[in-house]
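J.: Below are the structure tokens for one structure; questions will follow.
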Amino acid sequence: MKKILLFSFLFLTYFASFSQAEITENEIKDHILFLASEKNAGRYPGTKANRDVVTYIIKDFKKQGLLPLAKNYKQTFKARLRVDKGEPEKPLAKTYNVVAYLEGHDPLLKNEYIILGAHYDHLGMGGPSSKSDQRNTIHYGADDNASGTAALLEISEKVAANKSELKRSVIFIAFGAEEQGLLGSQYFINNPLVPLSQIKLMINMDMVGRLNTEKHVYMNGAGTFPGGVDFMQNLGESLDLTPIVHAGSVGGSDHVSFFKKDISVLGIHTGAHPQYHRPEDTADLINVPGQKQVSDYIYEALMTFATTDYNMEFIPQE
């Protein structure tokens with residue numbers, strides 16, 4: 001009887017450990033509810049709410065065993081904030097990229113890096129980038145980009161649980177001040193923590209929480225590395241998704257900063273919607289099961305590139 005109880009305990013312990021390393025709907029939902037909460041007031045650069053979100057991301061990275069790429073997890077920079085036409089400039093805002101990594105195990109390939117990134121900031125109370133006439137109203141940014149940040153945290157957790165498989169090293173970046181003009185990714189590119197020549201691919205997730213009934217997942221830049229278009233198309237279809245894969249059409253989020261330095265990119269999103277850059281972009285509209293499916297897709301792609309000797313070289317695109 002004792003042996004049976006011991007076996008049951010060990011089995012349940014193993015299963016619990018395994019399930020915690022999976023990408024789960026509950027954890028995605030919890031991350032988004034926190035990030036897009038009223039308390040965090042749109043995650044505007046330079047605010048206490050923005051700093052609280054940075055602390056939350058660092059705590060999660062630490063819990064998963066991700067290592068800081070520099071002295072700590074924060075890459076600090078000053079952001080020039082956008083203002084309405086005719087308004088005086090605001091003081092520079094102190095904000096952060098949050099950067100962590102897992103080292104690969106191949107003697108040569110560990111010196112090559114795959115970056116998985118998402119911006120965590122949003123518009124705060126609106127401002128010049130808002131599409132709404134409701135000024136001084138919280139813009140929650142649940143899809144843009146609490147969804148991408150939640151995916152970053154969930155995927156990094158699963159990669160960490162399987163880090164023994166890595167050949168290439170993987171860097172995880174939560175970018176600040178994207179909504180102010182891709183400022184966080186530009187700062188990283190101009191102040192890289194590893195040589196740019198060793199970054200082989202940057203995967204960016206911006207608005208991945210609104211998978212539609214046709215299960216469309218849009219991606220840009222898949223032709224910037226060998227076989228990328230066919231690979232992402234076939235992998236998505238095998239996971240019951242409908243990828244809309246562009247070789248170029250790189251787009252307008254943080255991966256553009258890397259593309260401009262001749263680094264291969266994938267910019268992934270689930271499409272535009274009427275709530276974009278409006279206060280109505282709220283957590284209740286997130287398709288959580290759909291986001292889990294998209295996150296699993298990105299995880300599988302990332303692990304293929306990071307655990308094999310997949311040929312990675314930059315191919316120019318329009």
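Convention: chains lettered A, B, ... in structure tokens order; per-chain residue numbering from 1; ligands numbered from 1 as shown.
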Check which residues of range 239-307 of chain A sit at most 9 Å from range 154-164 of chain A using only C-alpha atoms, and return one row each with the closest pair of atoms and their distance in Å to one decimal, ordered by chain and rising number, as a Markdown table.

T.:
```
| residue | atom | partner | partner_atom | distance |
| --- | --- | --- | --- | --- |
| A:Ser295 | CA | A:Ile155 | CA | 6.7 |
| A:Asp296 | CA | A:Ile155 | CA | 7.7 |
| A:Ile298 | CA | A:Ile155 | CA | 8.0 |
| A:Tyr299 | CA | A:Ile155 | CA | 6.0 |
| A:Leu302 | CA | A:Val159 | CA | 8.9 |
| A:Met303 | CA | A:Val159 | CA | 7.7 |
```

J.: Per residue of range 146-243 of chain A within 12 Å of range 78-95 of chain A, record the nearest atom pair and its distance in Å to one decimal, counting only C-alpha atoms, with rows in chain order and ascending residue number, as CSV.

T.:
```
residue,atom,partner,partner_atom,distance
A:Ala174,CA,A:Thr95,CA,11.6
A:Phe175,CA,A:Thr95,CA,9.6
A:Gly176,CA,A:Thr95,CA,6.5
A:Ala177,CA,A:Ala79,CA,6.8
A:Glu178,CA,A:Ala79,CA,9.7
A:Glu179,CA,A:Arg82,CA,8.9
A:Gln180,CA,A:Leu81,CA,5.9
A:Gly181,CA,A:Arg82,CA,8.4
A:Leu182,CA,A:Ala79,CA,10.0
A:Leu183,CA,A:Ala79,CA,6.7
A:Gly184,CA,A:Ala79,CA,8.2
A:Ser185,CA,A:Ala79,CA,11.5
A:Gln186,CA,A:Ala79,CA,10.8
A:Tyr187,CA,A:Lys78,CA,9.2
```

J.: Mind writing the picked residues with C-alpha atoms as a CSV table (one decimal), in the first residue's frame?

T.:
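result-v5.csv, freshly written:
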```csv
chain,number,residue,atom,x,y,z
A,174,ALA,CA,10.1,42.7,-23.5
A,175,PHE,CA,10.5,46.0,-25.3
A,176,GLY,CA,9.6,49.4,-23.8
A,177,ALA,CA,8.3,52.4,-25.6
A,178,GLU,CA,7.3,50.7,-28.9
A,179,GLU,CA,4.2,52.9,-29.2
A,180,GLN,CA,6.5,56.0,-29.1
A,181,GLY,CA,8.2,54.9,-32.3
A,182,LEU,CA,9.9,51.5,-31.8
A,183,LEU,CA,12.2,53.2,-29.3
A,184,GLY,CA,13.0,50.1,-27.2
A,185,SER,CA,14.1,47.9,-30.1
A,186,GLN,CA,16.0,50.8,-31.7
A,187,TYR,CA,17.9,51.3,-28.4
```

J.: Within 8 Å of Asn204 in chain A, counting only C-alpha atoms, which residues qualify if same-chain residues fewer than 2 places away don't, as a PyMOL selection string?

T.: chain A and resi 116-118+202+206+253-255+265-268

J.: Given the choices A:Leu201, A:Ala272, A:Ile244, A:Val170, which gets closest to Glu313 in chain A if the distance is worked out from only C-alpha atoms?

T.: A:Leu201

J.: So, with only C-alpha atoms as the atoms that count, which of A:Gly104, A:Pro316, A:Gly42, A:Gly223 lies closest to Glu280 in chain A?

T.: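 Answer, going by the shortest atom-to-atom distance: A:Gly42.
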
J.: As a PyMOL selection string, please: the residues near range 129-141 of chain A (cut-off 7 Å, only C-alpha atoms, same-chain neighbours under 2 positions excluded).

T.: chain A and resi 36-37+41-42+122-127+143-146+277-279+281-282

J.: Dump N, CA, C and O atoms for the selected residues as a CSV table (one decimal), in the first residue's frame?

T.:
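Output contents, as saved in again-v3.csv:
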```csv
chain,number,residue,atom,x,y,z
A,36,ALA,N,-3.3,44.4,-18.5
A,36,ALA,CA,-4.3,45.3,-19.0
A,36,ALA,C,-5.3,45.7,-17.9
A,36,ALA,O,-6.5,46.0,-18.2
A,37,SER,N,-4.9,45.7,-16.7
A,37,SER,CA,-5.7,46.1,-15.6
A,37,SER,C,-5.9,47.6,-15.5
A,37,SER,O,-5.1,48.4,-16.0
A,41,ALA,N,-3.1,51.1,-16.0
A,41,ALA,CA,-3.5,52.3,-16.7
A,41,ALA,C,-2.8,52.5,-18.0
A,41,ALA,O,-2.3,53.6,-18.4
A,42,GLY,N,-2.7,51.4,-18.8
A,42,GLY,CA,-2.2,51.6,-20.2
A,42,GLY,C,-0.7,51.5,-20.3
A,42,GLY,O,-0.2,51.8,-21.4
A,122,HIS,N,2.0,50.5,-23.6
A,122,HIS,CA,0.8,50.9,-24.4
A,122,HIS,C,0.7,52.4,-24.3
A,122,HIS,O,1.6,53.1,-24.1
A,123,LEU,N,-0.5,53.0,-24.5
A,123,LEU,CA,-0.7,54.4,-24.7
A,123,LEU,C,-1.1,55.1,-23.5
A,123,LEU,O,-1.4,56.4,-23.5
A,124,GLY,N,-1.2,54.5,-22.3
A,124,GLY,CA,-1.6,55.2,-21.1
A,124,GLY,C,-3.0,55.7,-21.2
A,124,GLY,O,-4.0,54.9,-21.4
A,125,MET,N,-3.2,57.0,-21.2
A,125,MET,CA,-4.5,57.6,-21.2
A,125,MET,C,-4.9,58.1,-22.6
A,125,MET,O,-5.8,58.9,-22.8
A,126,GLY,N,-4.1,57.6,-23.6
A,126,GLY,CA,-4.5,58.0,-25.0
A,126,GLY,C,-3.3,58.7,-25.7
A,126,GLY,O,-2.3,58.1,-26.0
A,127,GLY,N,-3.5,60.0,-25.9
A,127,GLY,CA,-2.4,60.8,-26.6
A,127,GLY,C,-2.6,60.8,-28.1
A,127,GLY,O,-3.5,60.3,-28.7
A,143,ASP,N,-5.0,43.5,-26.3
A,143,ASP,CA,-4.4,42.8,-27.5
A,143,ASP,C,-3.0,43.5,-27.8
A,143,ASP,O,-2.1,42.8,-28.2
A,144,ASP,N,-3.0,44.8,-27.7
A,144,ASP,CA,-1.8,45.6,-28.1
A,144,ASP,C,-1.2,46.2,-26.8
A,144,ASP,O,-1.4,47.3,-26.5
A,145,ASN,N,-0.2,45.6,-26.1
A,145,ASN,CA,0.3,44.3,-26.5
A,145,ASN,C,0.4,43.4,-25.3
A,145,ASN,O,1.4,42.7,-25.1
A,146,ALA,N,-0.6,43.5,-24.4
A,146,ALA,CA,-0.6,42.5,-23.3
A,146,ALA,C,-0.6,41.1,-23.8
A,146,ALA,O,0.0,40.2,-23.2
A,277,HIS,N,-5.9,50.7,-30.6
A,277,HIS,CA,-5.6,52.0,-30.1
A,277,HIS,C,-6.8,52.8,-29.6
A,277,HIS,O,-6.9,54.0,-29.7
A,278,ARG,N,-7.7,52.1,-29.0
A,278,ARG,CA,-8.9,52.7,-28.4
A,278,ARG,C,-9.1,52.1,-27.0
A,278,ARG,O,-8.6,51.0,-26.7
A,279,PRO,N,-9.8,52.8,-26.1
A,279,PRO,CA,-10.0,52.3,-24.8
A,279,PRO,C,-10.7,50.9,-24.7
A,279,PRO,O,-10.6,50.2,-23.8
A,281,ASP,N,-10.0,48.2,-26.3
A,281,ASP,CA,-9.1,47.1,-26.4
A,281,ASP,C,-8.9,46.5,-25.0
A,281,ASP,O,-7.9,46.7,-24.3
A,282,THR,N,-9.9,45.7,-24.6
A,282,THR,CA,-9.9,45.2,-23.2
A,282,THR,C,-9.8,43.6,-23.1
A,282,THR,O,-10.0,42.9,-24.1
```
